[in-house]
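Undergrad: File name run.txt; file contents compact mmCIF, C-alpha atoms; full text below.
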# COMPACT_ATOMS: atom_id res chain seq x y z
CA MET A 25 72.73 128.56 70.14
CA SER A 26 73.87 125.88 72.59
CA LYS A 27 71.15 123.44 73.67
CA ALA A 28 72.14 124.17 77.25
CA VAL A 29 70.96 127.73 76.73
CA GLU A 30 67.70 126.93 74.99
CA PRO A 31 65.47 127.24 78.10
CA GLN A 32 66.74 130.84 78.43
CA ALA A 33 66.99 131.71 74.74
CA ASN A 34 63.92 133.95 74.67
CA ARG A 35 64.35 135.49 78.11
CA VAL A 36 64.48 139.28 77.75
CA MET A 37 65.30 141.92 80.33
CA ASP A 38 64.70 145.49 79.20
CA LEU A 39 66.69 148.51 80.36
CA GLY A 40 63.79 149.71 82.48
CA GLU A 41 63.97 146.55 84.57
CA TRP A 42 67.68 147.07 85.25
CA ASN A 43 67.05 150.67 86.20
CA GLN A 44 64.32 149.49 88.54
CA PHE A 45 66.72 147.06 90.22
CA TRP A 46 69.01 149.97 91.04
CA HIS A 47 66.12 152.22 92.05
CA ASP A 48 64.86 149.58 94.50
CA ASP A 49 68.37 148.67 95.68
CA HIS A 50 67.88 145.09 94.48
CA ILE A 51 71.55 144.84 93.65
CA GLY A 52 72.69 141.53 95.08
CA PHE A 53 74.99 141.32 92.06
CA HIS A 54 77.07 144.26 93.38
CA MET A 55 80.21 143.20 95.22
CA PRO A 56 81.56 145.48 97.98
CA GLU A 57 85.10 144.14 97.53
CA VAL A 58 87.43 143.82 94.56
CA HIS A 59 86.71 140.57 92.74
CA MET A 60 89.17 137.85 93.71
CA MET A 61 89.52 136.67 90.10
CA LEU A 62 90.56 140.14 88.96
CA LYS A 63 93.19 140.19 91.71
CA LYS A 64 94.38 136.70 90.88
CA TYR A 65 94.73 137.25 87.13
CA LEU A 66 95.67 140.92 87.04
CA ASP A 67 99.24 140.12 85.98
CA GLN A 68 97.94 138.15 83.01
CA LEU A 69 95.67 141.06 82.09
CA LEU A 70 98.47 143.61 82.29
CA ALA A 71 101.08 141.41 80.62
CA GLY A 72 103.86 143.67 81.87
CA ARG A 73 102.19 146.88 80.69
CA THR A 74 101.60 150.04 82.76
CA LYS A 75 98.81 152.60 82.56
CA VAL A 76 96.58 150.18 80.68
CA ARG A 77 93.18 151.62 79.67
CA PHE A 78 90.45 149.39 81.09
CA PHE A 79 86.91 149.07 79.78
CA PHE A 80 84.10 147.94 82.10
CA PRO A 81 80.89 146.93 80.28
CA LEU A 82 77.77 147.29 82.46
CA CYS A 83 80.03 148.60 85.21
CA GLY A 84 77.47 149.39 87.89
CA LYS A 85 79.39 150.91 90.79
CA ALA A 86 82.11 148.24 90.84
CA VAL A 87 84.82 149.00 93.37
CA ASP A 88 87.23 147.28 90.97
CA MET A 89 87.30 150.51 88.94
CA LYS A 90 88.68 152.58 91.80
CA TRP A 91 91.17 149.83 92.66
CA LEU A 92 92.60 149.85 89.14
CA ALA A 93 92.53 153.65 88.88
CA ASP A 94 94.52 153.89 92.12
CA MET A 95 97.24 151.88 90.35
CA GLY A 96 97.34 154.41 87.53
CA HIS A 97 95.18 152.59 84.98
CA PRO A 98 92.63 154.83 83.18
CA VAL A 99 89.09 153.43 83.43
CA VAL A 100 86.08 153.79 81.16
CA GLY A 101 82.75 152.21 82.04
CA VAL A 102 79.26 152.04 80.58
CA GLU A 103 76.16 151.68 82.75
CA ILE A 104 72.45 152.32 82.12
CA SER A 105 71.68 153.36 85.70
CA GLU A 106 72.52 156.97 86.52
CA LYS A 107 72.01 156.15 90.20
CA ALA A 108 74.75 153.51 90.02
CA VAL A 109 77.18 155.89 88.34
CA ARG A 110 76.59 158.67 90.85
CA GLN A 111 76.87 156.24 93.76
CA PHE A 112 80.25 155.04 92.48
CA PHE A 113 81.75 158.51 92.70
CA GLU A 114 79.97 159.46 95.92
CA GLU A 115 80.76 156.25 97.80
CA ASN A 116 84.43 156.52 96.81
CA ASN A 117 84.58 160.23 97.75
CA LEU A 118 85.54 161.18 94.21
CA PRO A 119 84.43 164.57 92.86
CA TYR A 120 83.04 164.39 89.35
CA THR A 121 81.84 166.44 86.44
CA GLU A 122 78.83 165.64 84.29
CA GLU A 123 78.32 166.44 80.63
CA ALA A 124 76.38 165.38 77.56
CA VAL A 125 77.90 163.05 74.97
CA PRO A 126 77.40 164.54 71.49
CA ALA A 127 78.06 161.21 69.78
CA ILE A 128 75.33 159.42 71.78
CA PRO A 129 72.02 161.33 71.95
CA GLY A 130 70.64 161.34 75.49
CA ALA A 131 73.82 159.96 77.04
CA LYS A 132 75.87 161.54 79.80
CA VAL A 133 79.45 161.02 80.87
CA PHE A 134 80.58 161.43 84.48
CA LYS A 135 84.30 162.03 84.97
CA ASN A 136 86.92 162.27 87.69
CA SER A 137 89.99 163.77 86.07
CA GLU A 138 92.42 163.08 88.93
CA LYS A 139 91.92 159.31 88.72
CA ASN A 140 91.14 159.33 84.98
CA ILE A 141 87.77 157.60 85.36
CA SER A 142 84.98 158.20 82.82
CA LEU A 143 81.61 156.49 83.22
CA TYR A 144 79.04 156.71 80.43
CA GLN A 145 75.39 156.51 81.35
CA CYS A 146 73.78 155.02 78.25
CA ASP A 147 72.73 151.82 76.50
CA LEU A 148 75.84 149.64 76.11
CA TYR A 149 75.10 149.09 72.42
CA ASP A 150 75.10 152.84 71.76
CA PHE A 151 78.74 152.98 72.86
CA THR A 152 81.38 152.54 70.13
CA SER A 153 85.11 152.93 69.57
CA LEU A 154 84.34 156.33 68.04
CA VAL A 155 83.58 157.60 71.56
CA GLU A 156 86.69 156.48 73.48
CA GLY A 157 88.85 154.58 71.02
CA GLN A 158 90.06 151.08 71.82
CA PHE A 159 91.27 149.57 75.07
CA GLY A 160 94.21 147.60 76.38
CA ALA A 161 92.09 145.56 78.78
CA ILE A 162 88.46 144.62 79.39
CA TRP A 163 87.10 143.20 82.64
CA ASP A 164 83.66 141.60 82.40
CA ARG A 165 82.60 140.30 85.75
CA GLY A 166 78.82 140.50 85.32
CA SER A 167 78.06 141.81 81.85
CA MET A 168 77.84 138.83 79.51
CA VAL A 169 75.85 136.90 82.11
CA ALA A 170 73.43 139.86 82.36
CA ILE A 171 72.73 140.69 78.72
CA ASN A 172 69.85 138.96 76.96
CA PRO A 173 71.05 135.64 75.48
CA ARG A 174 69.80 136.61 72.02
CA ASP A 175 72.12 139.66 72.05
CA ARG A 176 75.38 137.78 72.56
CA GLU A 177 76.59 138.03 68.98
CA LYS A 178 76.03 141.78 69.10
CA TYR A 179 77.82 141.96 72.43
CA ALA A 180 80.81 139.96 71.20
CA ALA A 181 81.09 142.11 68.09
CA LEU A 182 81.10 145.25 70.24
CA MET A 183 83.76 143.89 72.59
CA MET A 184 86.02 142.89 69.70
CA SER A 185 85.60 146.33 68.12
CA LEU A 186 86.80 147.89 71.39
CA MET A 187 89.88 145.68 71.70
CA ALA A 188 93.23 147.15 70.72
CA ASP A 189 95.71 144.77 69.09
CA ASP A 190 97.35 144.08 72.47
CA CYS A 191 94.09 143.95 74.44
CA ARG A 192 93.49 141.25 77.02
CA PHE A 193 89.89 140.55 77.98
CA LEU A 194 89.10 138.77 81.26
CA LEU A 195 85.63 137.24 81.18
CA ASP A 196 83.81 135.80 84.18
CA THR A 197 80.91 133.44 83.37
CA LEU A 198 78.51 131.16 85.23
CA ILE A 199 77.67 127.52 84.57
CA TYR A 200 74.52 125.90 85.97
CA ASN A 201 71.40 123.96 84.94
CA SER A 202 69.41 126.52 82.96
CA ALA A 203 66.30 124.33 83.15
CA LEU A 204 66.10 125.19 86.86
CA TYR A 205 66.37 128.99 86.66
CA GLU A 206 65.40 131.49 83.96
CA GLY A 207 68.06 134.13 84.81
CA PRO A 208 69.57 136.61 85.04
CA PRO A 209 72.39 135.91 85.60
CA PHE A 210 72.30 133.67 82.55
CA LEU A 211 74.20 130.53 81.74
CA VAL A 212 77.12 131.17 79.36
CA PRO A 213 78.66 127.85 78.25
CA ASP A 214 82.35 127.74 77.37
CA GLU A 215 81.55 126.43 73.89
CA GLU A 216 79.47 129.51 73.19
CA VAL A 217 82.32 131.80 74.27
CA HIS A 218 84.59 129.94 71.84
CA ALA A 219 81.99 130.18 69.06
CA LEU A 220 81.59 133.93 69.59
CA PHE A 221 85.22 134.93 69.98
CA GLY A 222 87.33 132.03 68.70
CA GLY A 223 87.37 133.11 65.07
CA ARG A 224 89.32 136.29 65.76
CA CYS A 225 90.70 135.71 69.24
CA ASP A 226 92.62 133.19 71.29
CA VAL A 227 90.34 131.92 74.06
CA LYS A 228 91.95 130.38 77.14
CA HIS A 229 90.11 128.85 80.08
CA LEU A 230 91.91 129.89 83.26
CA GLN A 231 89.87 128.51 86.14
CA SER A 232 86.65 126.87 87.29
CA GLU A 233 85.43 127.53 90.81
CA ASP A 234 82.49 126.03 92.71
CA ILE A 235 80.57 129.01 94.12
CA MET A 236 77.41 127.22 95.20
CA SER A 237 75.80 129.07 98.12
CA ASP A 238 72.50 129.53 99.92
CA LEU A 239 71.65 132.32 97.49
CA TRP A 240 71.77 130.00 94.50
CA LYS A 241 69.91 127.29 96.45
CA SER A 242 67.15 129.81 97.17
CA LEU A 243 66.75 130.25 93.40
CA GLY A 244 66.20 126.52 92.98
CA LEU A 245 69.66 125.65 91.70
CA ASP A 246 71.62 122.57 92.64
CA SER A 247 75.05 123.77 91.49
CA MET A 248 76.85 126.93 90.39
CA THR A 249 80.30 127.12 88.86
CA GLU A 250 82.24 130.25 87.97
CA HIS A 251 84.49 130.12 84.91
CA VAL A 252 87.28 132.60 84.20
CA ILE A 253 88.36 132.99 80.58
CA LEU A 254 91.11 135.08 78.98
CA ILE A 255 90.49 136.38 75.45
CA ALA A 256 93.06 138.13 73.27
CA PRO A 257 93.19 139.07 69.56
CA LYS A 258 95.04 136.51 67.49
CA ARG A 259 98.48 137.55 66.34
CA SER A 260 98.65 137.88 62.57
Represent the structure contained in this file as structure tokens.

TA:
Amino acid sequence: MSKAVEPQANRVMDLGEWNQFWHDDHIGFHMPEVHMMLKKYLDQLLAGRTKVRFFFPLCGKAVDMKWLADMGHPVVGVEISEKAVRQFFEENNLPYTEEAVPAIPGAKVFKNSEKNISLYQCDLYDFTSLVEGQFGAIWDRGSMVAINPRDREKYAALMMSLMADDCRFLLDTLIYNSALYEGPPFLVPDEEVHALFGGRCDVKHLQSEDIMSDLWKSLGLDSMTEHVILIAPKRS
């Protein structure tokens, strides 16, 4: 593990804590508008394709899902909080069905058939390609920075197992001094992204953006940089 991550290496958030965040509406990580980096790099994600199936890990109630579905792209998300999933459909005025998922004991899937949106309420690591196959695109705006640092190899393996041969994976990460803040969101250095994905995928850094704000200052940080990375399976 990168030395930059060492102060956070043993930091663990359990699923109950994330559920509590949603229960208490402590969801400062939720964005009410479509993420500007998704808008900016959508053409690179689509690569000329139409009706691309998108996967959203730890999707919350991201408005990005509705935005993509309105363009005709099927969307599948995974989220531990049932409240978040229900709020997504309700806040977007989308009727939905609810059913059990035989392949994942205890899981539920909430669906809107008109827009082709399916959101699974379960532990991310219980979700596999056996449930929904593989995807043409993945958008991770706040997933890798939210998972426990010790789980990153497991996370990367899952993402790669969900990637179709033509998949394009847009990853949004955060860079800051991890000695000043324990997370989440956690520091994800570029070199760690390359170490996790570079063996099987091409990894391209697209942009760095200074997003320092009063919020990050209030957490004791002196800088905050957003990195946008495009990952795609290597061509054989």

Undergrad: List the spatial neighbours of range 183-190 of chain A as a ChimeraX atom specification - criterion: any atom at most 6 Å away, only C-alpha atoms, same-chain residues fewer than 4 positions off excluded.

TA: /A:153,158-160

Undergrad: Pick the closest to Pro213 in chain A from A:Leu239, A:Ile199, A:Leu70, A:Ile104: which is it, counting all atoms listed in the file?

TA: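 The answer is A:Ile199, which sits nearest to Pro213 in chain A.
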
Undergrad: Counting all atoms listed in the file, which residue out of A:Val252, A:Val217, A:Leu243, A:Ile171 sits closest to Leu194 in chain A?

TA: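 Using all atoms listed in the file, Leu194 in chain A sits closest to A:Val252.
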
Undergrad: Show which residues sit within 12 Å of Val87 in chain A, as a list in words. Count only C-alpha atoms, and ignore same-chain residues fewer than 5 positions away.

TA: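 Counting only C-alpha atoms, the residues come to His54, Met55, Pro56, Glu57, Val58, His59, Met60, Leu62, Phe80, Leu92, Ala93, Asp94, Val99, Gly101, Ala108, Val109, Gln111, Phe112, Phe113, Glu114, Glu115, Asn116 and Arg165 of chain A.
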
Undergrad: For Ala124 in chain A, which residue out of A:Tyr144, A:Tyr65, A:Phe79, A:Tyr179 is the nearest one, using only C-alpha atoms?

TA: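 Of all the options, A:Tyr144 lies closest to Ala124 in chain A.
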
Undergrad: Considering all atoms listed in the file, can you say which of A:Asn136, A:Gln68, A:Ser260, A:Gln44 comes closest to Lys228 in chain A?

TA: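 Closest candidate: A:Gln68.
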
Undergrad: Taking into account only C-alpha atoms, which residue in the set A:Asp38, A:Asp88, A:Glu233, A:Glu177 is nearest to Phe221 in chain A?

TA: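 Once distances to Phe221 in chain A are computed over only C-alpha atoms, the minimum belongs to A:Glu177.
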
Undergrad: Quick one, how far is CA of Ala256 in chain A from CA of Arg224 in chain A?

TA: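 Value for the CA of Ala256 in chain A-CA of Arg224 in chain A distance: 8.6 Å.
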
Undergrad: Give as a ChimeraX atom specification the set of residues within 7 Å of the point (75.2, 132.3, 77.2), where distances use the file's coordinates and all atoms listed in the file.

TA: /A:29,169,173,210-213,216

Undergrad: Hey, what's within 9 Å of range 35-37 of chain A if we count only C-alpha atoms and toss same-chain stuff fewer than 4 positions away? As a list in words, please?

TA: Pro31, Glu41, Trp42, Ala170, Ile171, Asn172, Pro173, Arg174, Glu206, Gly207 and Pro208 of chain A

Undergrad: Keeping C-alpha atoms, export the residues of the selection given above as an mmCIF file, keeping the file's coordinate frame.

TA:
data_model
loop_
_atom_site.group_PDB
_atom_site.id
_atom_site.type_symbol
_atom_site.label_atom_id
_atom_site.label_comp_id
_atom_site.auth_asym_id
_atom_site.auth_seq_id
_atom_site.Cartn_x
_atom_site.Cartn_y
_atom_site.Cartn_z
ATOM 1 C CA PRO A 31 65.470 127.240 78.100
ATOM 2 C CA GLU A 41 63.970 146.550 84.570
ATOM 3 C CA TRP A 42 67.680 147.070 85.250
ATOM 4 C CA ALA A 170 73.430 139.860 82.360
ATOM 5 C CA ILE A 171 72.730 140.690 78.720
ATOM 6 C CA ASN A 172 69.850 138.960 76.960
ATOM 7 C CA PRO A 173 71.050 135.640 75.480
ATOM 8 C CA ARG A 174 69.800 136.610 72.020
ATOM 9 C CA GLU A 206 65.400 131.490 83.960
ATOM 10 C CA GLY A 207 68.060 134.130 84.810
ATOM 11 C CA PRO A 208 69.570 136.610 85.040
#

Undergrad: Please measure the separation of CA of Asn201 in chain A and CA of Ala86 in chain A, giving the value in Å to one decimal.

TA: 27.2 Å

Undergrad: Of the candidates A:Glu103, A:Glu138, A:Asp226, A:Asp234, which one gets nearest to Ser167 in chain A if we count all atoms listed in the file?

TA: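 Of all the options, A:Glu103 lies closest to Ser167 in chain A.
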
Undergrad: For a test of reading the model, state the distance in Å between CA of Val125 in chain A and CA of Arg176 in chain A, rounded to one decimal.

TA: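 So the answer is 25.5 Å.
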
Undergrad: Using only C-alpha atoms, determine which residues lie at most 8 Å from Leu195 in chain A, disregarding the query and same-chain residues fewer than 4 positions distant; provide the list as a list in words.

TA: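 Once the adjacent positions are removed, what remains is Trp163, Asp164, Arg165, Val252, Ile253, Leu254 and Ile255 of chain A.
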
Undergrad: I'd like the contact shell of Gln145 in chain A - 7 Å cut-off, only C-alpha atoms, skipping same-chain residues fewer than 2 positions apart - returned as a VMD selection string.

TA: chain A and resid 102 to 106 131 to 133 143
